[in-house]
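Chemist: Provided herewith: data.cif, mmCIF, C-alpha atoms.
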data_start
loop_
_atom_site.group_PDB
_atom_site.id
_atom_site.type_symbol
_atom_site.label_atom_id
_atom_site.label_comp_id
_atom_site.auth_asym_id
_atom_site.auth_seq_id
_atom_site.Cartn_x
_atom_site.Cartn_y
_atom_site.Cartn_z
ATOM 1 C CA MET A 27 59.079 129.531 90.152
ATOM 2 C CA ILE A 28 62.020 127.239 90.811
ATOM 3 C CA PRO A 29 62.724 124.508 88.232
ATOM 4 C CA GLY A 30 61.625 121.123 89.540
ATOM 5 C CA GLY A 31 59.017 122.694 91.828
ATOM 6 C CA GLY A 32 61.368 122.947 94.843
ATOM 7 C CA GLN A 33 61.570 125.800 97.295
ATOM 8 C CA PRO A 34 64.283 128.430 96.800
ATOM 9 C CA ASN A 35 67.327 128.021 98.998
ATOM 10 C CA MET A 36 66.969 131.064 101.234
ATOM 11 C CA GLN A 37 70.531 130.841 102.517
ATOM 12 C CA GLN A 38 71.867 130.851 98.958
ATOM 13 C CA LEU A 39 69.636 133.794 98.016
ATOM 14 C CA LEU A 40 70.832 135.740 101.045
ATOM 15 C CA GLN A 41 74.471 135.025 100.188
ATOM 16 C CA GLN A 42 73.929 136.200 96.610
ATOM 17 C CA ALA A 43 72.223 139.367 97.824
ATOM 18 C CA GLN A 44 75.050 140.080 100.272
ATOM 19 C CA LYS A 45 77.677 139.586 97.560
ATOM 20 C CA MET A 46 75.813 141.920 95.196
ATOM 21 C CA GLN A 47 75.529 144.489 97.986
ATOM 22 C CA GLN A 48 79.288 144.244 98.632
ATOM 23 C CA ASP A 49 80.020 144.527 94.896
ATOM 24 C CA LEU A 50 77.796 147.602 94.699
ATOM 25 C CA ALA A 51 79.517 149.248 97.677
ATOM 26 C CA THR A 52 82.930 148.524 96.151
ATOM 27 C CA ALA A 53 81.865 149.986 92.800
ATOM 28 C CA GLN A 54 80.455 153.112 94.485
ATOM 29 C CA GLU A 55 83.715 153.617 96.411
ATOM 30 C CA GLU A 56 85.670 153.275 93.170
ATOM 31 C CA LEU A 57 83.409 155.844 91.495
ATOM 32 C CA GLY A 58 84.032 158.260 94.352
ATOM 33 C CA ARG A 59 87.796 157.982 93.798
ATOM 34 C CA THR A 60 87.805 158.028 90.003
ATOM 35 C CA GLU A 61 88.015 161.426 88.331
ATOM 36 C CA VAL A 62 86.727 162.268 84.861
ATOM 37 C CA GLU A 63 87.062 165.488 82.894
ATOM 38 C CA GLY A 64 84.835 167.569 80.689
ATOM 39 C CA GLN A 65 85.802 170.588 78.655
ATOM 40 C CA ALA A 66 84.318 173.436 76.679
ATOM 41 C CA GLY A 67 85.526 176.105 74.317
ATOM 42 C CA GLY A 68 88.083 173.822 72.746
ATOM 43 C CA GLY A 69 89.700 173.205 76.108
ATOM 44 C CA LEU A 70 89.575 176.795 77.403
ATOM 45 C CA VAL A 71 87.583 175.566 80.407
ATOM 46 C CA LYS A 72 88.092 172.126 81.957
ATOM 47 C CA ALA A 73 86.071 170.653 84.794
ATOM 48 C CA THR A 74 87.013 167.579 86.797
ATOM 49 C CA VAL A 75 84.376 165.565 88.656
ATOM 50 C CA THR A 76 84.416 162.247 90.461
ATOM 51 C CA GLY A 77 82.588 159.290 88.996
ATOM 52 C CA SER A 78 79.841 160.030 91.505
ATOM 53 C CA GLY A 79 79.463 163.600 90.167
ATOM 54 C CA GLU A 80 81.322 165.654 92.785
ATOM 55 C CA LEU A 81 83.073 168.689 91.265
ATOM 56 C CA ARG A 82 86.761 168.460 92.169
ATOM 57 C CA GLY A 83 88.473 170.991 89.950
ATOM 58 C CA LEU A 84 88.003 173.754 87.430
ATOM 59 C CA VAL A 85 90.722 175.115 85.155
ATOM 60 C CA ILE A 86 90.144 178.285 83.151
ATOM 61 C CA ASP A 87 92.620 179.319 80.484
ATOM 62 C CA PRO A 88 93.392 183.055 80.819
ATOM 63 C CA LYS A 89 92.408 183.474 77.149
ATOM 64 C CA ALA A 90 88.818 182.695 78.190
ATOM 65 C CA VAL A 91 88.686 185.615 80.616
ATOM 66 C CA ASP A 92 87.245 188.787 79.123
ATOM 67 C CA PRO A 93 86.094 191.281 81.777
ATOM 68 C CA GLU A 94 83.670 192.721 79.223
ATOM 69 C CA ASP A 95 82.052 189.320 78.543
ATOM 70 C CA THR A 96 81.638 187.300 81.717
ATOM 71 C CA GLU A 97 78.499 185.631 80.328
ATOM 72 C CA THR A 98 80.501 183.653 77.787
ATOM 73 C CA LEU A 99 82.899 182.504 80.501
ATOM 74 C CA ALA A 100 79.967 181.435 82.680
ATOM 75 C CA ASP A 101 78.490 179.499 79.738
ATOM 76 C CA LEU A 102 81.830 177.757 79.170
ATOM 77 C CA VAL A 103 82.050 176.796 82.848
ATOM 78 C CA VAL A 104 78.520 175.374 82.820
ATOM 79 C CA ALA A 105 79.209 173.472 79.593
ATOM 80 C CA ALA A 106 82.459 172.005 80.957
ATOM 81 C CA VAL A 107 80.777 170.868 84.182
ATOM 82 C CA GLN A 108 77.908 169.350 82.209
ATOM 83 C CA ALA A 109 80.354 167.502 79.947
ATOM 84 C CA ALA A 110 82.233 166.192 82.977
ATOM 85 C CA ASN A 111 78.963 165.038 84.572
ATOM 86 C CA GLU A 112 77.973 163.263 81.352
ATOM 87 C CA ASN A 113 81.319 161.442 81.476
ATOM 88 C CA ALA A 114 80.686 160.584 85.135
ATOM 89 C CA HIS A 115 77.247 159.209 84.213
ATOM 90 C CA ALA A 116 78.797 157.041 81.502
ATOM 91 C CA LEU A 117 81.288 155.736 84.064
ATOM 92 C CA GLN A 118 78.438 154.998 86.484
ATOM 93 C CA GLN A 119 76.643 153.012 83.791
ATOM 94 C CA GLU A 120 79.834 151.097 83.043
ATOM 95 C CA LYS A 121 80.565 150.267 86.695
ATOM 96 C CA LEU A 122 77.082 149.906 88.155
ATOM 97 C CA GLY A 123 74.996 148.846 85.150
ATOM 98 C CA PRO A 124 75.968 145.164 85.348
ATOM 99 C CA LEU A 125 75.181 145.157 89.078
ATOM 100 C CA ALA A 126 71.741 146.648 88.460
ATOM 101 C CA GLN A 127 71.043 143.997 85.835
ATOM 102 C CA GLY A 128 72.022 141.372 88.408
ATOM 103 C CA LEU A 129 69.317 142.798 90.642
ATOM 104 C CA GLY A 130 66.682 142.377 87.966
ATOM 105 C CA GLY A 131 67.538 145.421 85.832
ATOM 106 C CA GLY A 132 64.881 147.559 87.459
ATOM 107 C CA GLY A 133 67.308 150.166 88.680
ATOM 108 C CA ILE A 134 68.414 150.790 92.219
ATOM 109 C CA PRO A 135 66.725 153.509 94.286
ATOM 110 C CA GLY A 136 69.030 156.467 94.726
ATOM 111 C CA LEU A 137 71.118 155.710 91.643
ATOM 112 C CA PRO A 138 70.720 157.704 88.438
ATOM 113 C CA PHE A 139 69.790 154.783 86.146
#
Could you show the structure in this file as structure tokens?

Modeler:
Amino acid sequence: MIPGGGQPNMQQLLQQAQKMQQDLATAQEELGRTEVEGQAGGGLVKATVTGSGELRGLVIDPKAVDPEDTETLADLVVAAVQAANENAHALQQEKLGPLAQGLGGGGIPGLPF
């Protein structure tokens, strides 16, 4: 309901929606360019992902490589990637959260919040 009982200005609503859509696209592009890191094993394994969750790099310290225990190395890799993805999710919330609230706070289909 519009205060005063008037009809909503459709042109103004469309302009607001277009601006929010542009802001969202800009934020998504920025997330795709921004890299965040996660690590495990006290830094023995480091994973780098984009803010949108794409794995970009993996660094494994030679001290983490034991041919007799590849399971531990695999666990460290998984943990580092998970930590990096958690950091990417936090970045998504920071960049896209305010935009989602501007759309009513109900979340946006296809986005992880």

Chemist: With the file shown as input, list the residues that the PyMOL selection byres ((chain A and resi 78-95) around 12) selects, as number ranges by chain.

Modeler: A: 53-77, 96-119, 121-122, 136-138

Chemist: Could you work out how far atom CA of A:Ala51 lies from atom CA of A:Gly123, giving the answer in Å with one decimal?

Modeler: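 The value is 13.3 Å.
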
Chemist: How many Å lie between atom CA of A:Gln37 and atom CA of A:Pro124, rounded to one decimal?

Modeler: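 Value for the atom CA of A:Gln37-atom CA of A:Pro124 distance: 23.0 Å.
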